[in-house]
file coords_10.pdb (PDB, C-alpha atoms)
ATOM      1  CA  MET A 260     -17.123 -38.297  94.720
ATOM      2  CA  ALA A 261     -17.620 -42.001  93.987
ATOM      3  CA  SER A 262     -20.300 -42.339  96.687
ATOM      4  CA  TYR A 263     -22.189 -39.316  95.360
ATOM      5  CA  LEU A 264     -21.955 -40.709  91.827
ATOM      6  CA  SER A 265     -23.340 -44.081  92.921
ATOM      7  CA  LEU A 266     -26.158 -42.454  94.880
ATOM      8  CA  GLY A 267     -26.952 -40.164  91.967
ATOM      9  CA  LEU A 268     -27.079 -43.009  89.473
ATOM     10  CA  MET A 269     -29.411 -45.089  91.682
ATOM     11  CA  MET A 270     -31.722 -42.117  92.195
ATOM     12  CA  LEU A 271     -31.774 -41.196  88.519
ATOM     13  CA  ILE A 272     -32.549 -44.726  87.374
ATOM     14  CA  THR A 273     -35.422 -45.060  89.851
ATOM     15  CA  CYS A 274     -36.929 -41.685  89.007
ATOM     16  CA  SER A 275     -36.510 -42.109  85.265
ATOM     17  CA  PHE A 276     -38.517 -45.318  85.336
ATOM     18  CA  ALA A 277     -41.196 -43.563  87.366
ATOM     19  CA  PHE A 278     -41.492 -40.769  84.808
ATOM     20  CA  ALA A 279     -40.853 -42.846  81.677
ATOM     21  CA  SER A 280     -42.563 -41.412  78.613
ATOM     22  CA  ASP A 281     -41.699 -44.190  76.148
ATOM     23  CA  ASN A 282     -43.947 -47.211  75.674
ATOM     24  CA  SER A 283     -43.436 -50.077  78.116
ATOM     25  CA  PRO A 284     -41.474 -53.071  76.794
ATOM     26  CA  LEU A 285     -43.407 -56.252  75.930
ATOM     27  CA  GLN A 286     -40.430 -58.593  76.409
ATOM     28  CA  ASP A 287     -37.307 -58.879  78.558
ATOM     29  CA  PHE A 288     -35.252 -56.698  76.221
ATOM     30  CA  CYS A 289     -35.066 -55.431  72.663
ATOM     31  CA  VAL A 290     -31.455 -54.512  71.941
ATOM     32  CA  ALA A 291     -31.411 -51.917  69.162
ATOM     33  CA  ASP A 292     -30.415 -53.079  65.702
ATOM     34  CA  PRO A 293     -29.598 -49.802  63.896
ATOM     35  CA  ASN A 294     -28.898 -51.679  60.675
ATOM     36  CA  GLY A 295     -32.182 -53.591  60.690
ATOM     37  CA  PRO A 296     -34.288 -53.379  57.506
ATOM     38  CA  VAL A 297     -37.535 -52.701  59.394
ATOM     39  CA  LEU A 298     -38.480 -49.074  60.071
ATOM     40  CA  VAL A 299     -40.211 -48.658  63.428
ATOM     41  CA  ASN A 300     -40.769 -45.932  66.024
ATOM     42  CA  GLY A 301     -37.394 -46.469  67.665
ATOM     43  CA  PHE A 302     -35.224 -49.378  66.598
ATOM     44  CA  ALA A 303     -35.959 -52.921  65.536
ATOM     45  CA  CYS A 304     -34.769 -55.683  67.868
ATOM     46  CA  LYS A 305     -31.500 -57.469  67.446
ATOM     47  CA  ASP A 306     -31.856 -61.254  67.329
ATOM     48  CA  ALA A 307     -31.976 -62.236  71.011
ATOM     49  CA  LYS A 308     -29.660 -65.174  70.345
ATOM     50  CA  LEU A 309     -26.940 -62.743  69.236
ATOM     51  CA  VAL A 310     -27.233 -60.403  72.219
ATOM     52  CA  GLN A 311     -24.091 -60.031  74.356
ATOM     53  CA  ALA A 312     -23.277 -58.318  77.652
ATOM     54  CA  ASN A 313     -21.651 -55.415  75.788
ATOM     55  CA  ASP A 314     -25.058 -54.544  74.297
ATOM     56  CA  PHE A 315     -26.032 -53.420  77.813
ATOM     57  CA  PHE A 316     -22.724 -51.749  78.666
ATOM     58  CA  PHE A 317     -21.202 -48.281  78.328
ATOM     59  CA  SER A 318     -17.893 -47.051  79.694
ATOM     60  CA  GLY A 319     -16.720 -43.465  79.981
ATOM     61  CA  LEU A 320     -18.843 -41.432  82.405
ATOM     62  CA  HIS A 321     -15.860 -41.216  84.760
ATOM     63  CA  LEU A 322     -13.990 -39.194  82.120
ATOM     64  CA  MET A 323     -14.132 -35.403  82.048
ATOM     65  CA  GLY A 324     -15.611 -33.941  78.871
ATOM     66  CA  ASN A 325     -13.717 -31.350  76.839
ATOM     67  CA  THR A 326     -15.212 -27.966  77.756
ATOM     68  CA  SER A 327     -12.956 -25.936  75.435
ATOM     69  CA  ASN A 328     -15.765 -24.513  73.324
ATOM     70  CA  ALA A 329     -17.864 -21.360  73.011
ATOM     71  CA  VAL A 330     -20.285 -22.274  75.817
ATOM     72  CA  GLY A 331     -17.814 -23.886  78.214
ATOM     73  CA  SER A 332     -19.604 -27.201  78.697
ATOM     74  CA  ARG A 333     -19.692 -30.721  77.310
ATOM     75  CA  VAL A 334     -22.511 -33.255  77.433
ATOM     76  CA  THR A 335     -21.590 -36.946  77.304
ATOM     77  CA  PRO A 336     -24.853 -38.734  76.419
ATOM     78  CA  VAL A 337     -25.771 -42.337  77.117
ATOM     79  CA  THR A 338     -28.861 -42.847  74.963
ATOM     80  CA  VAL A 339     -29.875 -45.758  72.761
ATOM     81  CA  ALA A 340     -27.377 -44.470  70.186
ATOM     82  CA  GLN A 341     -24.501 -45.203  72.574
ATOM     83  CA  LEU A 342     -26.056 -48.098  74.518
ATOM     84  CA  PRO A 343     -28.258 -50.344  72.311
ATOM     85  CA  GLY A 344     -29.667 -52.197  75.322
ATOM     86  CA  LEU A 345     -31.670 -49.092  76.249
ATOM     87  CA  ASN A 346     -34.033 -49.703  73.338
ATOM     88  CA  THR A 347     -37.673 -49.846  74.588
ATOM     89  CA  LEU A 348     -36.627 -49.266  78.213
ATOM     90  CA  GLY A 349     -37.675 -45.598  78.357
ATOM     91  CA  ILE A 350     -34.549 -44.323  80.087
ATOM     92  CA  SER A 351     -31.209 -42.665  79.324
ATOM     93  CA  MET A 352     -28.666 -40.468  81.048
ATOM     94  CA  ALA A 353     -25.774 -38.082  80.519
ATOM     95  CA  ARG A 354     -22.812 -36.473  82.193
ATOM     96  CA  ILE A 355     -22.422 -32.694  81.911
ATOM     97  CA  ASP A 356     -19.046 -31.043  82.509
ATOM     98  CA  PHE A 357     -18.764 -27.296  83.034
ATOM     99  CA  ALA A 358     -15.730 -25.043  82.842
ATOM    100  CA  PRO A 359     -15.792 -22.143  85.319
ATOM    101  CA  TRP A 360     -18.870 -20.072  84.419
ATOM    102  CA  GLY A 361     -19.648 -22.398  81.534
ATOM    103  CA  ILE A 362     -23.261 -22.894  80.478
ATOM    104  CA  ASN A 363     -25.478 -25.566  78.994
ATOM    105  CA  PRO A 364     -27.500 -23.134  76.833
ATOM    106  CA  PRO A 365     -31.305 -22.908  76.892
ATOM    107  CA  HIS A 366     -32.666 -26.063  75.291
ATOM    108  CA  THR A 367     -35.525 -28.517  75.466
ATOM    109  CA  HIS A 368     -35.971 -32.286  75.350
ATOM    110  CA  PRO A 369     -39.114 -32.894  73.286
ATOM    111  CA  ARG A 370     -39.537 -36.475  74.513
ATOM    112  CA  ALA A 371     -38.306 -36.532  78.101
ATOM    113  CA  THR A 372     -38.419 -35.214  81.631
ATOM    114  CA  GLU A 373     -34.919 -34.565  82.986
ATOM    115  CA  ILE A 374     -33.673 -34.989  86.547
ATOM    116  CA  LEU A 375     -30.255 -33.611  87.508
ATOM    117  CA  THR A 376     -27.947 -34.106  90.462
ATOM    118  CA  VAL A 377     -24.808 -32.095  91.105
ATOM    119  CA  ILE A 378     -21.705 -34.246  91.610
ATOM    120  CA  GLU A 379     -19.168 -31.438  91.945
ATOM    121  CA  GLY A 380     -19.394 -27.665  92.053
ATOM    122  CA  CYS A 381     -22.207 -25.134  92.237
ATOM    123  CA  ILE A 382     -24.694 -24.967  89.363
ATOM    124  CA  GLU A 383     -27.528 -22.515  88.635
ATOM    125  CA  VAL A 384     -30.463 -24.240  86.943
ATOM    126  CA  GLY A 385     -33.759 -22.970  85.602
ATOM    127  CA  PHE A 386     -36.698 -23.621  83.310
ATOM    128  CA  VAL A 387     -39.338 -21.392  81.732
ATOM    129  CA  THR A 388     -43.040 -22.189  81.862
ATOM    130  CA  SER A 389     -45.158 -22.146  78.703
ATOM    131  CA  ASN A 390     -47.023 -19.173  77.225
ATOM    132  CA  PRO A 391     -48.447 -16.803  78.266
ATOM    133  CA  GLU A 392     -46.741 -16.679  81.684
ATOM    134  CA  ASN A 393     -43.185 -17.564  80.574
ATOM    135  CA  ARG A 394     -42.220 -17.660  84.229
ATOM    136  CA  LEU A 395     -38.580 -18.430  85.044
ATOM    137  CA  ILE A 396     -38.161 -20.954  87.867
ATOM    138  CA  SER A 397     -34.517 -21.133  88.927
ATOM    139  CA  LYS A 398     -32.306 -22.220  91.804
ATOM    140  CA  VAL A 399     -28.630 -22.524  92.663
ATOM    141  CA  LEU A 400     -27.666 -26.114  93.457
ATOM    142  CA  GLU A 401     -24.808 -27.411  95.577
ATOM    143  CA  LYS A 402     -23.102 -30.806  95.549
ATOM    144  CA  GLY A 403     -25.672 -33.556  96.138
ATOM    145  CA  ASP A 404     -28.706 -31.394  95.274
ATOM    146  CA  VAL A 405     -31.341 -32.622  92.827
ATOM    147  CA  PHE A 406     -33.570 -30.690  90.410
ATOM    148  CA  VAL A 407     -36.155 -31.808  87.857
ATOM    149  CA  PHE A 408     -37.006 -30.185  84.513
ATOM    150  CA  PRO A 409     -40.528 -30.967  83.204
ATOM    151  CA  GLU A 410     -40.775 -32.557  79.781
ATOM    152  CA  GLY A 411     -40.633 -30.187  76.815
ATOM    153  CA  LEU A 412     -39.896 -26.979  78.744
ATOM    154  CA  VAL A 413     -36.946 -24.745  77.862
ATOM    155  CA  HIS A 414     -34.248 -25.043  80.531
ATOM    156  CA  TYR A 415     -30.584 -24.290  81.158
ATOM    157  CA  GLN A 416     -27.688 -24.894  83.531
ATOM    158  CA  ARG A 417     -24.759 -22.626  84.441
ATOM    159  CA  ASN A 418     -21.674 -23.168  86.553
ATOM    160  CA  VAL A 419     -21.622 -20.286  89.025
ATOM    161  CA  GLY A 420     -18.359 -21.296  90.664
ATOM    162  CA  ASN A 421     -14.727 -20.580  89.863
ATOM    163  CA  GLY A 422     -13.869 -24.274  89.551
ATOM    164  CA  TYR A 423     -15.086 -27.055  87.295
ATOM    165  CA  ALA A 424     -18.536 -28.533  87.899
ATOM    166  CA  VAL A 425     -20.067 -31.904  87.063
ATOM    167  CA  ALA A 426     -23.684 -33.057  86.916
ATOM    168  CA  ILE A 427     -25.346 -36.362  86.112
ATOM    169  CA  VAL A 428     -28.796 -36.315  84.515
ATOM    170  CA  GLY A 429     -31.432 -38.960  83.947
ATOM    171  CA  LEU A 430     -33.981 -38.721  81.136
ATOM    172  CA  SER A 431     -37.300 -40.511  80.755
ATOM    173  CA  SER A 432     -36.736 -41.653  77.179
ATOM    174  CA  GLN A 433     -34.242 -43.863  75.382
ATOM    175  CA  ASN A 434     -33.961 -41.016  72.841
ATOM    176  CA  PRO A 435     -34.940 -37.740  74.534
ATOM    177  CA  GLY A 436     -33.834 -35.463  71.700
ATOM    178  CA  VAL A 437     -32.280 -32.028  72.194
ATOM    179  CA  ILE A 438     -33.344 -28.713  70.673
ATOM    180  CA  THR A 439     -30.911 -25.935  71.577
ATOM    181  CA  VAL A 440     -32.917 -22.731  71.188
ATOM    182  CA  ALA A 441     -30.198 -20.540  69.681
ATOM    183  CA  ASN A 442     -29.014 -23.227  67.266
ATOM    184  CA  ALA A 443     -32.550 -24.026  66.131
ATOM    185  CA  VAL A 444     -33.594 -20.405  65.608
ATOM    186  CA  PHE A 445     -30.397 -18.876  64.244
ATOM    187  CA  GLY A 446     -28.696 -21.957  62.831
ATOM    188  CA  ALA A 447     -31.565 -23.549  60.869
ATOM    189  CA  LYS A 448     -30.646 -24.889  57.421
ATOM    190  CA  PRO A 449     -31.812 -23.232  55.268
ATOM    191  CA  ASP A 450     -31.973 -20.023  57.302
ATOM    192  CA  ILE A 451     -35.213 -18.813  58.778
ATOM    193  CA  PRO A 452     -35.812 -15.502  56.911
ATOM    194  CA  ASN A 453     -33.982 -12.722  58.715
ATOM    195  CA  ASP A 454     -36.869 -10.263  58.391
ATOM    196  CA  LEU A 455     -39.143 -12.765  60.124
ATOM    197  CA  LEU A 456     -36.684 -13.183  63.000
ATOM    198  CA  ALA A 457     -36.152  -9.431  63.191
ATOM    199  CA  LYS A 458     -39.888  -8.962  63.663
ATOM    200  CA  ALA A 459     -40.149 -11.834  66.146
ATOM    201  CA  PHE A 460     -37.276 -10.530  68.290
ATOM    202  CA  GLN A 461     -38.116  -6.871  67.618
ATOM    203  CA  VAL A 462     -34.599  -6.000  66.474
ATOM    204  CA  ASN A 463     -32.929  -4.702  63.312
ATOM    205  CA  VAL A 464     -32.304  -7.185  60.479
ATOM    206  CA  LYS A 465     -28.574  -6.490  60.771
ATOM    207  CA  VAL A 466     -28.644  -7.815  64.342
ATOM    208  CA  VAL A 467     -30.218 -11.056  63.101
ATOM    209  CA  ASP A 468     -27.630 -11.336  60.317
ATOM    210  CA  GLN A 469     -24.838 -10.923  62.844
ATOM    211  CA  ILE A 470     -26.210 -13.639  65.111
ATOM    212  CA  GLN A 471     -26.944 -16.037  62.234
ATOM    213  CA  SER A 472     -23.344 -15.682  61.066
ATOM    214  CA  LYS A 473     -22.183 -17.278  64.318
ATOM    215  CA  PHE A 474     -24.162 -20.445  63.665
TER     216      PHE A 474
END

call {"tool": "encode", "arguments": {"input": "coords_10.pdb", "output": "structure tokens"}}
result
Amino acid sequence: MASYLSLGLMMLITCSFAFASDNSPLQDFCVADPNGPVLVNGFACKDAKLVQANDFFFSGLHLMGNTSNAVGSRVTPVTVAQLPGLNTLGISMARIDFAPWGINPPHTHPRATEILTVIEGCIEVGFVTSNPENRLISKVLEKGDVFVFPEGLVHYQRNVGNGYAVAIVGLSSQNPGVITVANAVFGAKPDIPNDLLAKAFQVNVKVVDQIQSKF
């Protein structure tokens, strides 16, 4: 597993730089200073004289995420929020753990292309093209397989095996963002009007109320 993980990380880093959607850095590094007084598109730079090795370090991707939840998966992100040294570098990554038949629900990354490699298990992946076609493009991946999800498109992953599955993903932004479709539509605060959703999904208002109550 260690060799696959190393190969996957090298591949993801290379590809993420190739597809980077963030602006290119204008200096060696710009470690994020989340407490800085300046508001910028991203994070202001920490004083370079105060930068330490730990600003470029994250530990924990070897640990299994807790998949005891409604969807049976756990994402462990490594974005600029967890690793300040990623600021301005246009790259991030994550580990995804899946319980048997667990899913990473349909979602989108508004600021990043995603590339995924399977470390353990068998994972069904897919994305949906934009209107009006809304074509589903899907495939079942085995250990060592790689799949890419174009920026902004709704996509999902599902463990189709009876054991646990693990994937590593690379993303072409230091802060790719995540919009989970169900959470955004049915869990908005305040609620999107139920009659509007009923008309959009062509169902009874009571069905919308029932779904909203779960979020």

call {"tool": "resolve_selection", "arguments": {"input": "coords_10.pdb", "expression": "the PyMOL selection byres ((chain A and resi 308-325) around 7)", "output": "list in words"}}
result
Val290, Asp306, Ala307, Thr326, Ser327, Arg333, Thr335, Leu342, Pro343, Gly344, Arg354 and Asp356 of chain A

call {"tool": "closest_residue", "arguments": {"input": "coords_10.pdb", "among": "A:Phe288, A:Tyr423, A:Phe406, A:Trp360", "to": "Lys305 (chain A)", "atoms": "all atoms listed in the file"}}
result
A:Phe288

call {"tool": "closest_residue", "arguments": {"input": "coords_10.pdb", "among": "A:Leu395, A:Cys289, A:Leu412, A:Val405", "to": "Gly429 (chain A)", "atoms": "all atoms listed in the file"}}
result
A:Val405

call {"tool": "resolve_selection", "arguments": {"input": "coords_10.pdb", "expression": "the PyMOL selection byres ((chain A and resi 450-457) around 12)", "output": "PyMOL selection string"}}
result
chain A and resi 441-449+458-472+474

call {"tool": "axis_aligned_box", "arguments": {"input": "coords_10.pdb", "around": "region 312-319 of chain A", "padding_each_side": "6 Å", "output": "AutoDock Vina command-line options"}}
result
--center_x -21.4 --center_y -50.9 --center_z 77.1 --size_x 21.3 --size_y 26.9 --size_z 17.7

call {"tool": "resolve_selection", "arguments": {"input": "coords_10.pdb", "expression": "the PyMOL selection byres ((chain A and resi 382) around 8)", "output": "short mmCIF file (atom, residue, chain, number, x, y, z; two decimals) with C-alpha atoms, in the frame of the given file"}}
result
data_model
loop_
_atom_site.label_atom_id
_atom_site.label_comp_id
_atom_site.auth_asym_id
_atom_site.auth_seq_id
_atom_site.Cartn_x
_atom_site.Cartn_y
_atom_site.Cartn_z
CA VAL A 377 -24.81 -32.10 91.10
CA GLY A 380 -19.39 -27.66 92.05
CA CYS A 381 -22.21 -25.13 92.24
CA GLU A 383 -27.53 -22.52 88.64
CA VAL A 384 -30.46 -24.24 86.94
CA VAL A 399 -28.63 -22.52 92.66
CA LEU A 400 -27.67 -26.11 93.46
CA GLU A 401 -24.81 -27.41 95.58
CA GLN A 416 -27.69 -24.89 83.53
CA ARG A 417 -24.76 -22.63 84.44
CA ASN A 418 -21.67 -23.17 86.55
CA VAL A 419 -21.62 -20.29 89.02
CA GLY A 420 -18.36 -21.30 90.66
CA ALA A 424 -18.54 -28.53 87.90
#

call {"tool": "atom_distance", "arguments": {"input": "coords_10.pdb", "atom1": "CA of Ser432 (chain A)", "atom2": "CA of Asp404 (chain A)"}}
result
22.3 Å

call {"tool": "atom_distance", "arguments": {"input": "coords_10.pdb", "atom1": "CA of Pro369 (chain A)", "atom2": "CA of Ile438 (chain A)"}}
result
7.6 Å
